[in-house]
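Colleague: Attaching a single structure in structure tokens format; questions to follow.
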Amino acid sequence: MVKEHTVKAFTQELGLLKSKVLEMAEECERQLAKAVHSLVERDAKLAQDIIEGDTRINGLQGEVDELAIRMLALRQPMALDLRHIIAAQKMAADFERIADYAANIAKYVIELQNGWLDKPVKSIVKMADCALHMLSDIIDAYRDLDIDKAVAVWHRDDEIDRTYFGLLTKLRTLMIEDSTNVTASTRLLFVGRCCERIGDHITNVAENVHFIISGEMHHGRAIA
Amino acid sequence: MVLALTPQEKQDLANDEGERAIDTDLSEENIQVGAIPQEGPALVSREQRTTVGEATVANPRMVCRNVNVYYGDNHAIKEVSLDIGRNQVIAMIGPSGCGKSTFLRCLNRMNDTIEGCRVTGEIFLDDVNIYDEKVDVVPLRAQVGMVFQKPNPFPKSIYDNIAYGPKIHGLAETKSELDEVVEISLQKAGLWNEVKDRLDQPGTGLSGGQQQRLCIARTIAVNPEVILMDEPCSALDPIATAVIEDLIDELRQHYTIVIVTHSMQQASRVSQRTAYFHLGDLIEIGPTEVIFTNPRHELTQDYITGRFG
């Protein structure tokens, strides 16, 4: 059980920081869900909304940065508090990237209006759905500081990677079979790549949630 | 069929610069299933009062075993076992009344001077228990020197402040030997250049920070092995404090230093190991960076993160 700080304003600031990161995360979740929807429905108007919505997340990241730097300078945080602030700043950067990828997917949706390939789109939706589940779980894990949930999210990225591998194979085959598929295929390849990158950024977030709780650093996949 | 990239695709490729390259060989075996440990170490509960962390070190300078201190009925230090590492700075932190200064004073038997104070257990310096009846405290206190909270130069000249100790301990016989000890000690304490032209002036005329460095020079002059510092900067301004902290870092090349401080920032800046005391118990001891980023005991975490009371 963690007690409150003697200086109550510090506790309040830490709470504010966490709520801003959570707000970013939830906004990312909405952006990615909309991106999947716009892809499936080939909804260019929704895609345009997503692209415009990205600035909100950029703004939130700026707020997280400012607050984190101010707390580092003014509060001299230690231990658990230090880990919370450092992790918040790193997670905010990952969420900002995730939102960028959601916006990128939306940009391709607009371009894909004239070429459509069902099978690879299904793989992409599968990847994006998996990423959405991971996002939702990592938000819970961060909110509740649930280390088991963070670890589970971290491992789910393998599912995205496997689907991505399948997607690449499918796209290659489609391009070899019929060269008129090349433009649409390469676009879908980039969309798939966006989902794959989103998965990687979510694992970064999972590592940071783990770091807050355990105090141990994990630098991505290099660890065996 | 033209295979031109759209502007968006070019933009994305540019954005990906510097990130992990796409692994085009995403075969099953190439996907590493990674390893975050399943469980972070839980913190030791506030109720638990045995020491957490590594109390021993390889090749220690001092070894303390089962040390208890009583002031009359008050049990001020409870069964503390701790090694003091060679050529290291160890910081003792904890709230007022936690016993950190009391423990520091055990290391050169300064507690002997306090009436009603009783020390049990063993403290070894070079395989000799300093609490052994045969031990003479006068040379002990030269071997384990002390610097106090308030600079306390003798009401004598700067020169005599340094020369007094070597003279009474018989460390220097001739005037030229004494001159050399004075110069070397003041140099090691980083004070020589500031006072070399006024060695005959009173030590009490120096600034607070200079007085404290004079006291450090005085301690160094009698060839100590261990230097105990009890809040050495609490009466100094930030610049004088930084000068002393820098000096402490240099001194550890030659000496072992034990510092008691109320400033956690100071402990984190100057020490390699940190010990956290709470109501007479040694709660946690470990590498300074671990204590301040990832302490193992709830009481340590409460204290260093400002969750008091």
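Scheme for the structure tokens: letters A, B, ... for chains in order shown; per-chain residue numbers from 1; ligand numbers from 1 in order shown.
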List the neighbours of Leu186 (chain B) out to 9 Å using only C-alpha atoms; skip same-chain residues closer than 2 positions along the sequence, and give me the result as number ranges by chain.
Modeller: B: 162, 181-184, 188-193, 195-196, 213-214, 216-218, 220-221
Colleague: I want to know what sits within 10 Å of Glu122 (chain B), based on only C-alpha atoms, with residues of the same chain fewer than 6 positions away left out; could you give that as a ChimeraX atom specification?
Modeller: /B:63-68,80-81,128-132
Colleague: Name the residues of region 187-307 of chain B that fall into strand (DSSP E or B) according to DSSP on the backbone, using the chain letters and numbers of this document, as a VMD selection string.
Modeller: chain B and resid 202 226 to 230 256 to 260 273 to 278 281 to 287 297
Colleague: Please produce an output containing C-alpha atoms for each residue in the selection, written as an mmCIF file, in the first residue's frame.
Modeller:
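Below is the file that was written, part-v6.cif:
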data_model
loop_
_atom_site.group_PDB
_atom_site.id
_atom_site.type_symbol
_atom_site.label_atom_id
_atom_site.label_comp_id
_atom_site.auth_asym_id
_atom_site.auth_seq_id
_atom_site.Cartn_x
_atom_site.Cartn_y
_atom_site.Cartn_z
ATOM 1 C CA PRO B 202 43.017 32.922 13.063
ATOM 2 C CA VAL B 226 38.216 6.554 8.082
ATOM 3 C CA ILE B 227 36.574 9.985 8.183
ATOM 4 C CA LEU B 228 33.204 10.343 9.882
ATOM 5 C CA MET B 229 31.125 13.340 8.848
ATOM 6 C CA ASP B 230 28.066 14.348 10.828
ATOM 7 C CA THR B 256 36.902 5.650 3.725
ATOM 8 C CA ILE B 257 34.105 8.092 4.453
ATOM 9 C CA VAL B 258 30.936 7.710 6.482
ATOM 10 C CA ILE B 259 28.535 10.630 6.186
ATOM 11 C CA VAL B 260 25.326 11.345 8.056
ATOM 12 C CA ARG B 273 26.235 3.024 -0.622
ATOM 13 C CA THR B 274 23.289 4.278 1.380
ATOM 14 C CA ALA B 275 21.953 2.981 4.694
ATOM 15 C CA TYR B 276 18.437 3.876 5.820
ATOM 16 C CA PHE B 277 17.751 3.903 9.574
ATOM 17 C CA HIS B 278 14.339 3.993 11.216
ATOM 18 C CA ASP B 281 16.803 -0.289 13.127
ATOM 19 C CA LEU B 282 18.954 -0.501 10.022
ATOM 20 C CA ILE B 283 16.089 -0.986 7.581
ATOM 21 C CA GLU B 284 17.831 -1.078 4.241
ATOM 22 C CA ILE B 285 21.356 -0.913 2.871
ATOM 23 C CA GLY B 286 22.353 -0.997 -0.769
ATOM 24 C CA PRO B 287 24.025 0.718 -3.698
ATOM 25 C CA HIS B 297 11.479 -1.699 1.860
#
Colleague: Identify which of the residues A:Glu13, A:Asp65, A:Asp140, A:Asp81 lies closest to chain B, counting only C-alpha atoms when measuring atom-to-atom distances.
Modeller: A:Asp81
Colleague: Name the closest residue to Leu279 (chain B) among the candidates B:Lys78, B:Leu43, B:Ala55, B:Glu177; distances are taken between atoms, counting only C-alpha atoms.
Modeller: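 Using only C-alpha atoms, Leu279 (chain B) sits closest to B:Lys78.
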Colleague: Using only C-alpha atoms, which residues sit within 12 Å of region 141-143 of chain A once same-chain residues fewer than 3 positions away are excluded, as a ChimeraX atom specification?
Modeller: /A:15,17-23,25-26,84,87-88,91,134-138,146-154,202,205-213
Colleague: Would you kindly return, as a list of chain:residue names, each protein, DNA or RNA residue with an atom no farther than 7 Å from any atom of Gly280 (chain B), considering only C-alpha atoms and excluding same-chain residues fewer than 4 positions away?
Modeller: B:Ala76, B:Ile77, B:Lys78, B:Cys98, B:Gly99
Colleague: Rank A:Met1, A:Ala184, A:Leu189, A:Met78 by their smallest atom-to-atom distance to chain B, using only C-alpha atoms, and report the top residue only.
Modeller: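 Closest candidate: A:Met78.
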Colleague: Smallest atom-to-atom distance to chain B: which of A:Asn204, A:Gln89, A:Gln76, A:Gln31, using only C-alpha atoms?
Modeller: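 Ranked by minimum distance to chain B, first place goes to A:Gln76.
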Colleague: Find the residues near Ala106 (chain A): any atom within 9 Å, counting only C-alpha atoms, skip ones fewer than 3 places away on the same chain, and give them as a PyMOL selection string.
Modeller: chain A and resi 34-36+38-39+44+46-51+101-103+109-111+191
Colleague: Keeping only C-alpha atoms, write the selected residues as a PDB file, in the first residue's frame.
Modeller:
ATOM      1  CA  LYS A  34     -12.000   4.629 -36.167  1.00  0.00           C
ATOM      2  CA  ALA A  35      -9.100   3.846 -38.520  1.00  0.00           C
ATOM      3  CA  VAL A  36     -10.109   0.190 -38.685  1.00  0.00           C
ATOM      4  CA  SER A  38     -12.783   3.611 -42.016  1.00  0.00           C
ATOM      5  CA  LEU A  39     -10.682   0.901 -43.662  1.00  0.00           C
ATOM      6  CA  ALA A  44     -12.990   8.631 -46.593  1.00  0.00           C
ATOM      7  CA  LEU A  46     -14.170   9.289 -41.267  1.00  0.00           C
ATOM      8  CA  ALA A  47     -10.553   8.911 -42.397  1.00  0.00           C
ATOM      9  CA  GLN A  48     -10.329  12.685 -42.736  1.00  0.00           C
ATOM     10  CA  ASP A  49     -11.685  13.089 -39.174  1.00  0.00           C
ATOM     11  CA  ILE A  50      -8.936  10.812 -37.889  1.00  0.00           C
ATOM     12  CA  ILE A  51      -6.229  12.797 -39.621  1.00  0.00           C
ATOM     13  CA  TYR A 101       0.208   5.418 -37.326  1.00  0.00           C
ATOM     14  CA  ALA A 102      -3.577   5.487 -36.931  1.00  0.00           C
ATOM     15  CA  ALA A 103      -3.585   8.738 -38.931  1.00  0.00           C
ATOM     16  CA  VAL A 109      -7.823   4.593 -46.684  1.00  0.00           C
ATOM     17  CA  ILE A 110      -8.364   7.773 -48.694  1.00  0.00           C
ATOM     18  CA  GLU A 111      -5.899   6.626 -51.363  1.00  0.00           C
ATOM     19  CA  VAL A 191      -1.076  -0.124 -43.710  1.00  0.00           C
TER      20      VAL A 191
END
